[in-house]
>>> print(open('run03.tsv').read())   # TSV, C-alpha atoms and all ligand atoms
chain	number	residue	atom	x	y	z
A	1	MET	CA	32.69	13.68	5.53
A	2	VAL	CA	29.48	12.05	6.68
A	3	ARG	CA	29.46	11.23	10.36
A	4	TYR	CA	26.89	9.14	12.17
A	5	GLY	CA	27.39	9.26	15.91
A	6	TYR	CA	26.61	6.46	18.32
A	7	GLY	CA	25.01	8.83	20.85
A	8	PHE	CA	21.32	8.72	21.74
A	9	ASP	CA	19.32	10.20	18.90
A	10	TYR	CA	16.14	11.93	20.09
A	11	ALA	CA	15.09	12.96	16.57
A	12	TYR	CA	15.10	9.33	15.48
A	13	LEU	CA	13.21	8.24	18.60
A	14	LEU	CA	10.57	10.87	17.77
A	15	ILE	CA	10.31	9.58	14.19
A	16	ILE	CA	9.82	6.03	15.46
A	17	ILE	CA	7.10	7.12	17.92
A	18	VAL	CA	5.27	9.20	15.27
A	19	SER	CA	5.57	6.33	12.72
A	20	VAL	CA	4.18	3.71	15.11
A	21	ALA	CA	1.32	6.03	16.19
A	22	LEU	CA	0.45	6.99	12.60
A	23	GLY	CA	0.48	3.35	11.47
A	24	ALA	CA	-1.66	2.24	14.42
A	25	LEU	CA	-4.18	5.06	13.87
A	26	ALA	CA	-4.54	4.23	10.17
A	27	GLN	CA	-4.99	0.51	10.99
A	28	ALA	CA	-7.59	1.27	13.67
A	29	TYR	CA	-9.49	3.52	11.25
A	30	ILE	CA	-9.70	0.94	8.44
A	31	ARG	CA	-10.71	-1.79	10.89
A	32	SER	CA	-13.52	0.32	12.34
A	33	ALA	CA	-14.79	1.46	8.90
A	34	TYR	CA	-14.69	-2.14	7.65
A	35	LYS	CA	-16.46	-3.45	10.75
A	36	LYS	CA	-19.23	-0.84	10.47
A	37	TRP	CA	-19.97	-1.62	6.81
A	38	SER	CA	-19.58	-5.39	7.19
A	39	HIS	CA	-22.87	-5.29	9.13
A	40	VAL	CA	-24.70	-3.60	6.24
A	41	GLY	CA	-25.90	-5.88	3.42
A	42	ALA	CA	-25.19	-4.69	-0.13
A	43	THR	CA	-28.37	-4.00	-2.10
A	44	MET	CA	-27.31	-6.32	-4.95
A	45	GLY	CA	-27.80	-9.46	-2.82
A	46	LYS	CA	-24.61	-11.04	-4.18
A	47	THR	CA	-21.25	-12.05	-2.69
A	48	GLY	CA	-18.04	-10.07	-3.11
A	49	ALA	CA	-16.73	-12.70	-5.54
A	50	GLN	CA	-19.91	-12.54	-7.66
A	51	VAL	CA	-19.90	-8.74	-7.92
A	52	ALA	CA	-16.14	-8.71	-8.66
A	53	ARG	CA	-16.74	-11.34	-11.40
A	54	GLU	CA	-19.41	-9.15	-13.01
A	55	MET	CA	-17.20	-6.06	-12.78
A	56	LEU	CA	-14.26	-7.90	-14.39
A	57	ASP	CA	-16.47	-9.24	-17.19
A	58	ALA	CA	-18.04	-5.81	-17.77
A	59	GLN	CA	-14.65	-4.07	-17.98
A	60	GLY	CA	-12.77	-6.33	-20.38
A	61	ALA	CA	-10.93	-8.42	-17.77
A	62	SER	CA	-12.85	-11.69	-18.01
A	63	ALA	CA	-9.60	-13.72	-18.15
A	64	VAL	CA	-8.95	-12.83	-14.49
A	65	GLY	CA	-9.60	-15.64	-11.97
A	66	ILE	CA	-10.94	-15.31	-8.41
A	67	THR	CA	-9.89	-17.51	-5.47
A	68	SER	CA	-10.25	-17.20	-1.71
A	69	VAL	CA	-7.40	-16.80	0.75
A	70	ALA	CA	-7.23	-17.22	4.54
A	71	GLY	CA	-7.06	-14.28	6.95
A	72	HIS	CA	-8.77	-10.96	7.67
A	73	LEU	CA	-8.37	-8.14	5.12
A	74	THR	CA	-5.71	-10.17	3.30
A	75	ASP	CA	-7.22	-9.47	-0.13
A	76	TYR	CA	-4.90	-8.77	-3.07
A	77	TYR	CA	-4.63	-9.02	-6.83
A	78	ASP	CA	-1.59	-10.89	-8.17
A	79	PRO	CA	-0.66	-9.96	-11.77
A	80	ARG	CA	1.61	-13.04	-11.98
A	81	ASP	CA	-1.30	-15.53	-11.88
A	82	ASN	CA	-3.80	-12.84	-13.01
A	83	CYS	CA	-6.06	-13.75	-10.12
A	84	LEU	CA	-7.95	-11.95	-7.34
A	85	HIS	CA	-7.21	-13.53	-3.96
A	86	LEU	CA	-10.12	-12.53	-1.72
A	87	SER	CA	-10.28	-13.22	2.02
A	88	GLN	CA	-13.04	-15.71	2.83
A	89	GLU	CA	-15.35	-13.08	4.35
A	90	ASN	CA	-15.10	-10.89	1.23
A	91	PHE	CA	-15.20	-13.83	-1.19
A	92	GLY	CA	-18.40	-15.32	0.22
A	93	GLY	CA	-19.87	-12.36	2.13
A	94	GLY	CA	-22.48	-9.99	0.76
A	95	SER	CA	-21.90	-6.91	2.93
A	96	VAL	CA	-21.17	-3.44	1.56
A	97	ALA	CA	-17.62	-3.80	2.97
A	98	SER	CA	-17.04	-7.19	1.26
A	99	VAL	CA	-18.32	-5.98	-2.08
A	100	ALA	CA	-16.25	-2.76	-1.83
A	101	VAL	CA	-12.98	-4.61	-1.12
A	102	ALA	CA	-13.68	-7.24	-3.81
A	103	CYS	CA	-14.35	-4.52	-6.40
A	104	HIS	CA	-11.21	-2.62	-5.32
A	105	GLU	CA	-9.13	-5.73	-6.08
A	106	ALA	CA	-11.03	-6.14	-9.36
A	107	GLY	CA	-10.04	-2.51	-10.02
A	108	HIS	CA	-6.36	-3.54	-9.85
A	109	ALA	CA	-6.99	-6.35	-12.35
A	110	VAL	CA	-8.76	-3.90	-14.68
A	111	GLN	CA	-5.74	-1.56	-14.37
A	112	THR	CA	-3.49	-4.39	-15.59
A	113	ALA	CA	-5.90	-5.33	-18.39
A	114	HIS	CA	-5.98	-1.70	-19.59
A	115	GLY	CA	-2.21	-1.08	-19.14
A	116	TYR	CA	-2.72	1.66	-16.54
A	117	ALA	CA	0.55	3.67	-16.48
A	118	PHE	CA	1.18	4.01	-12.72
A	119	GLY	CA	0.38	0.32	-12.30
A	120	ARG	CA	3.05	-0.55	-14.86
A	121	ILE	CA	5.62	1.71	-13.18
A	122	ARG	CA	4.80	0.12	-9.82
A	123	THR	CA	5.13	-3.42	-11.20
A	124	ALA	CA	8.47	-2.51	-12.81
A	125	LEU	CA	9.73	-1.20	-9.45
A	126	VAL	CA	8.84	-4.40	-7.53
A	127	PRO	CA	12.09	-6.36	-8.24
A	128	VAL	CA	14.22	-3.24	-7.66
A	129	VAL	CA	12.53	-2.50	-4.34
A	130	ASN	CA	12.71	-6.15	-3.25
A	131	PHE	CA	16.49	-5.77	-3.50
A	132	THR	CA	16.93	-2.21	-2.17
A	133	GLN	CA	14.65	-2.82	0.82
A	134	ARG	CA	16.97	-5.57	2.04
A	135	ALA	CA	20.21	-3.88	0.96
A	136	TRP	CA	19.79	-0.39	2.40
A	137	SER	CA	20.08	-1.19	6.13
A	138	VAL	CA	23.06	-3.52	5.58
A	139	LEU	CA	24.87	-0.86	3.52
A	140	PHE	CA	23.96	1.79	6.08
A	141	LEU	CA	25.34	-0.18	9.02
A	142	LEU	CA	28.48	-1.13	7.07
A	143	GLY	CA	28.96	2.55	6.21
A	144	ILE	CA	28.81	3.50	9.90
A	145	VAL	CA	30.99	0.63	11.14
A	146	MET	CA	33.61	1.18	8.43
A	147	ASN	CA	33.18	4.97	8.66
A	148	PHE	CA	32.82	5.08	4.88
A	149	SER	CA	30.44	7.79	3.67
A	150	GLY	CA	30.15	6.32	0.16
A	151	LEU	CA	28.30	3.31	1.60
A	152	THR	CA	25.88	5.39	3.67
A	153	SER	CA	25.13	7.54	0.60
A	154	LEU	CA	24.47	4.39	-1.42
A	155	ALA	CA	22.21	3.14	1.39
A	156	ILE	CA	20.20	6.38	1.20
A	157	VAL	CA	19.82	6.00	-2.58
A	158	CYS	CA	18.52	2.45	-1.98
A	159	PHE	CA	16.11	3.71	0.66
A	160	ALA	CA	14.89	6.42	-1.74
A	161	PHE	CA	13.71	3.67	-4.10
A	162	SER	CA	11.45	2.29	-1.35
A	163	VAL	CA	10.06	5.80	-0.80
A	164	LEU	CA	9.46	6.22	-4.53
A	165	PHE	CA	7.64	2.87	-4.52
A	166	GLN	CA	5.36	3.96	-1.66
A	167	ILE	CA	4.58	7.21	-3.51
A	168	VAL	CA	3.83	5.44	-6.83
A	169	THR	CA	1.55	3.07	-4.89
A	170	LEU	CA	-0.76	5.98	-3.92
A	171	PRO	CA	-2.26	6.78	-7.36
A	172	VAL	CA	-2.52	3.02	-8.09
A	173	GLU	CA	-4.55	2.43	-4.90
A	174	ILE	CA	-6.70	5.53	-5.30
A	175	ASP	CA	-7.44	4.66	-8.94
A	176	ALA	CA	-8.47	1.08	-8.04
A	177	SER	CA	-10.86	2.46	-5.40
A	178	ARG	CA	-12.24	5.03	-7.84
A	179	ARG	CA	-12.98	2.25	-10.34
A	180	ALA	CA	-14.72	0.21	-7.60
A	181	VAL	CA	-16.88	3.12	-6.38
A	182	ARG	CA	-17.79	4.11	-9.94
A	183	TYR	CA	-18.83	0.55	-10.78
A	184	LEU	CA	-20.86	0.13	-7.58
A	185	SER	CA	-22.61	3.45	-8.19
A	186	THR	CA	-23.89	2.12	-11.52
A	187	VAL	CA	-24.96	-1.38	-10.43
A	188	GLY	CA	-25.87	-0.86	-6.76
A	189	GLY	CA	-27.84	1.52	-4.57
A	190	GLY	CA	-26.71	4.77	-2.94
A	191	ILE	CA	-25.88	2.93	0.27
A	192	ASP	CA	-23.43	0.67	-1.61
A	193	GLU	CA	-21.63	3.67	-3.08
A	194	ARG	CA	-21.53	5.55	0.23
A	195	GLY	CA	-20.25	2.54	2.19
A	196	ALA	CA	-17.69	1.59	-0.46
A	197	ARG	CA	-16.39	5.17	-0.50
A	198	SER	CA	-16.05	5.14	3.29
A	199	VAL	CA	-14.26	1.76	3.52
A	200	LEU	CA	-11.94	2.44	0.58
A	201	THR	CA	-11.02	5.95	1.78
A	202	ALA	CA	-10.00	4.42	5.11
A	203	ALA	CA	-7.95	1.80	3.23
A	204	ALA	CA	-6.25	4.52	1.16
A	205	LEU	CA	-5.25	6.34	4.36
A	206	THR	CA	-3.12	3.34	5.40
A	207	TYR	CA	-1.11	3.80	2.19
A	208	VAL	CA	-0.88	7.56	2.78
A	209	ALA	CA	0.41	6.88	6.31
A	210	ALA	CA	3.00	4.40	5.02
A	211	ALA	CA	4.20	6.89	2.39
A	212	LEU	CA	4.39	9.72	4.96
A	213	ILE	CA	6.42	7.53	7.32
A	214	SER	CA	8.95	6.60	4.64
A	215	VAL	CA	9.26	10.22	3.42
A	216	MET	CA	9.89	11.28	7.03
A	217	GLN	CA	12.64	8.66	7.38
A	218	LEU	CA	14.25	9.70	4.10
A	219	VAL	CA	14.27	13.39	5.13
A	220	TYR	CA	15.87	12.36	8.41
A	221	LEU	CA	18.57	10.29	6.68
A	222	LEU	CA	19.31	13.13	4.25
A	223	ALA	CA	19.46	15.70	7.06
A	224	ARG	CA	21.87	13.53	9.03
A	225	SER	CA	24.12	12.88	6.06
A	226	ASN	CA	24.37	16.64	5.39
A	227	ARG	CA	25.24	17.36	9.01
A	228	ARG	CA	28.94	17.41	9.80
B	301	ZN	ZN	-5.25	-2.06	-3.58
>>> encode(input="run03.tsv", output="structure tokens", more="lines below")
Ligand SMILES: [Zn+2]
Amino acid sequence: MVRYGYGFDYAYLLIIIVSVALGALAQAYIRSAYKKWSHVGATMGKTGAQVAREMLDAQGASAVGITSVAGHLTDYYDPRDNCLHLSQENFGGGSVASVAVACHEAGHAVQTAHGYAFGRIRTALVPVVNFTQRAWSVLFLLGIVMNFSGLTSLAIVCFAFSVLFQIVTLPVEIDASRRAVRYLSTVGGGIDERGARSVLTAAALTYVAAALISVMQLVYLLARSNRR
């Protein structure tokens, strides 16, 4: 029988501390890399939106739109409206950092246009994970309160879907950055490529940290459910 005690759990406290520290470190690293390269002008003399437009047109994704969105580092590509949503500083700014982030998002749109496999798997997982992410903690708590191990096991299966999602996200993010760096190396100068690589590597580390944190939590849940 699976038993989850109510006593103070030092292992879980440690996981929370490590998770918070890892997340904060990754965030600090991307912010500092972005800040450094947002002071360096890209050699192309164009805005992030302009360079992203040219990349999309050059790579068979000219149907993709580009709009600006409020906030700092809030950039994303939405396959539902097939549009890049670039933060104002990256939309209208011409720094190496702006151009790198804009081309990274264009990389996601190019993935969709070309039917990139991991991107399709990730998109297919979105509705599943939207459900499991909300369901797992409720099932878990119910399992403990009702002392019913079937529910806690089901909760862990739900949580595993979130972990799988985080892991599938890694190749998708790395591939989008690779496309951006490759494009900038052909149309820009060496400084553009070097800066883009630096900013986008820092951005990728935030996804690596998120995946590590969720794997750690899953291992913990599995270890606890195997303990009598
Ligand atoms: Zn991305």
>>> residues_around(input="run03.tsv", residues="range 33-44 of chain A", least_positions_apart="5", cutoff="7 Å", atoms="all atoms listed in the file", output="PyMOL selection string")
chain A and resi 94-98+188-189+192+195+198-199+202
>>> closest_residue(input="run03.tsv", among="A:Tyr10, A:Tyr207, A:Tyr29, A:Tyr183", to="Ala100 in chain A", atoms="only C-alpha atoms")
A:Tyr183
>>> residues_near_point(input="run03.tsv", point="(22.1, 1.8, -0.3)", cutoff="9 Å", atoms="only C-alpha atoms", output="ChimeraX atom specification")
/A:132-133,135-140,151-160
>>> residues_near_ligand(input="run03.tsv", ligand="ligand ZN 301 (chain B)", cutoff="7 Å", atoms="all atoms listed in the file", output="VMD selection string")
chain A and resid 76 104 to 105 108 173 176
>>> axis_aligned_box(input="run03.tsv", around="range 79-83 of chain A", padding_each_side="8 Å", output="AutoDock Vina command-line options")
--center_x -2.2 --center_y -12.7 --center_z -11.6 --size_x 23.7 --size_y 21.6 --size_z 18.9
>>> atom_distance(input="run03.tsv", atom1="CA of Met216 in chain A", atom2="CA of Leu170 in chain A")
16.2 Å
>>> closest_residue(input="run03.tsv", among="A:Val215, A:Val129, A:Leu14, A:Ala106", to="Glu54 in chain A", atoms="only C-alpha atoms")
A:Ala106
>>> atom_distance(input="run03.tsv", atom1="CA of Lys46 in chain A", atom2="CA of Ile191 in chain A")
14.7 Å
>>> atom_distance(input="run03.tsv", atom1="CA of Leu141 in chain A", atom2="CA of Val163 in chain A")
19.1 Å
>>> closest_residue(input="run03.tsv", among="A:Ser32, A:Thr123, A:Ser19, A:Gln27", to="Val172 in chain A", atoms="only C-alpha atoms")
A:Thr123
>>> closest_residue(input="run03.tsv", among="A:Ile144, A:Val51, A:Val64, A:Ala124", to="Cys103 in chain A", atoms="only C-alpha atoms")
A:Val51
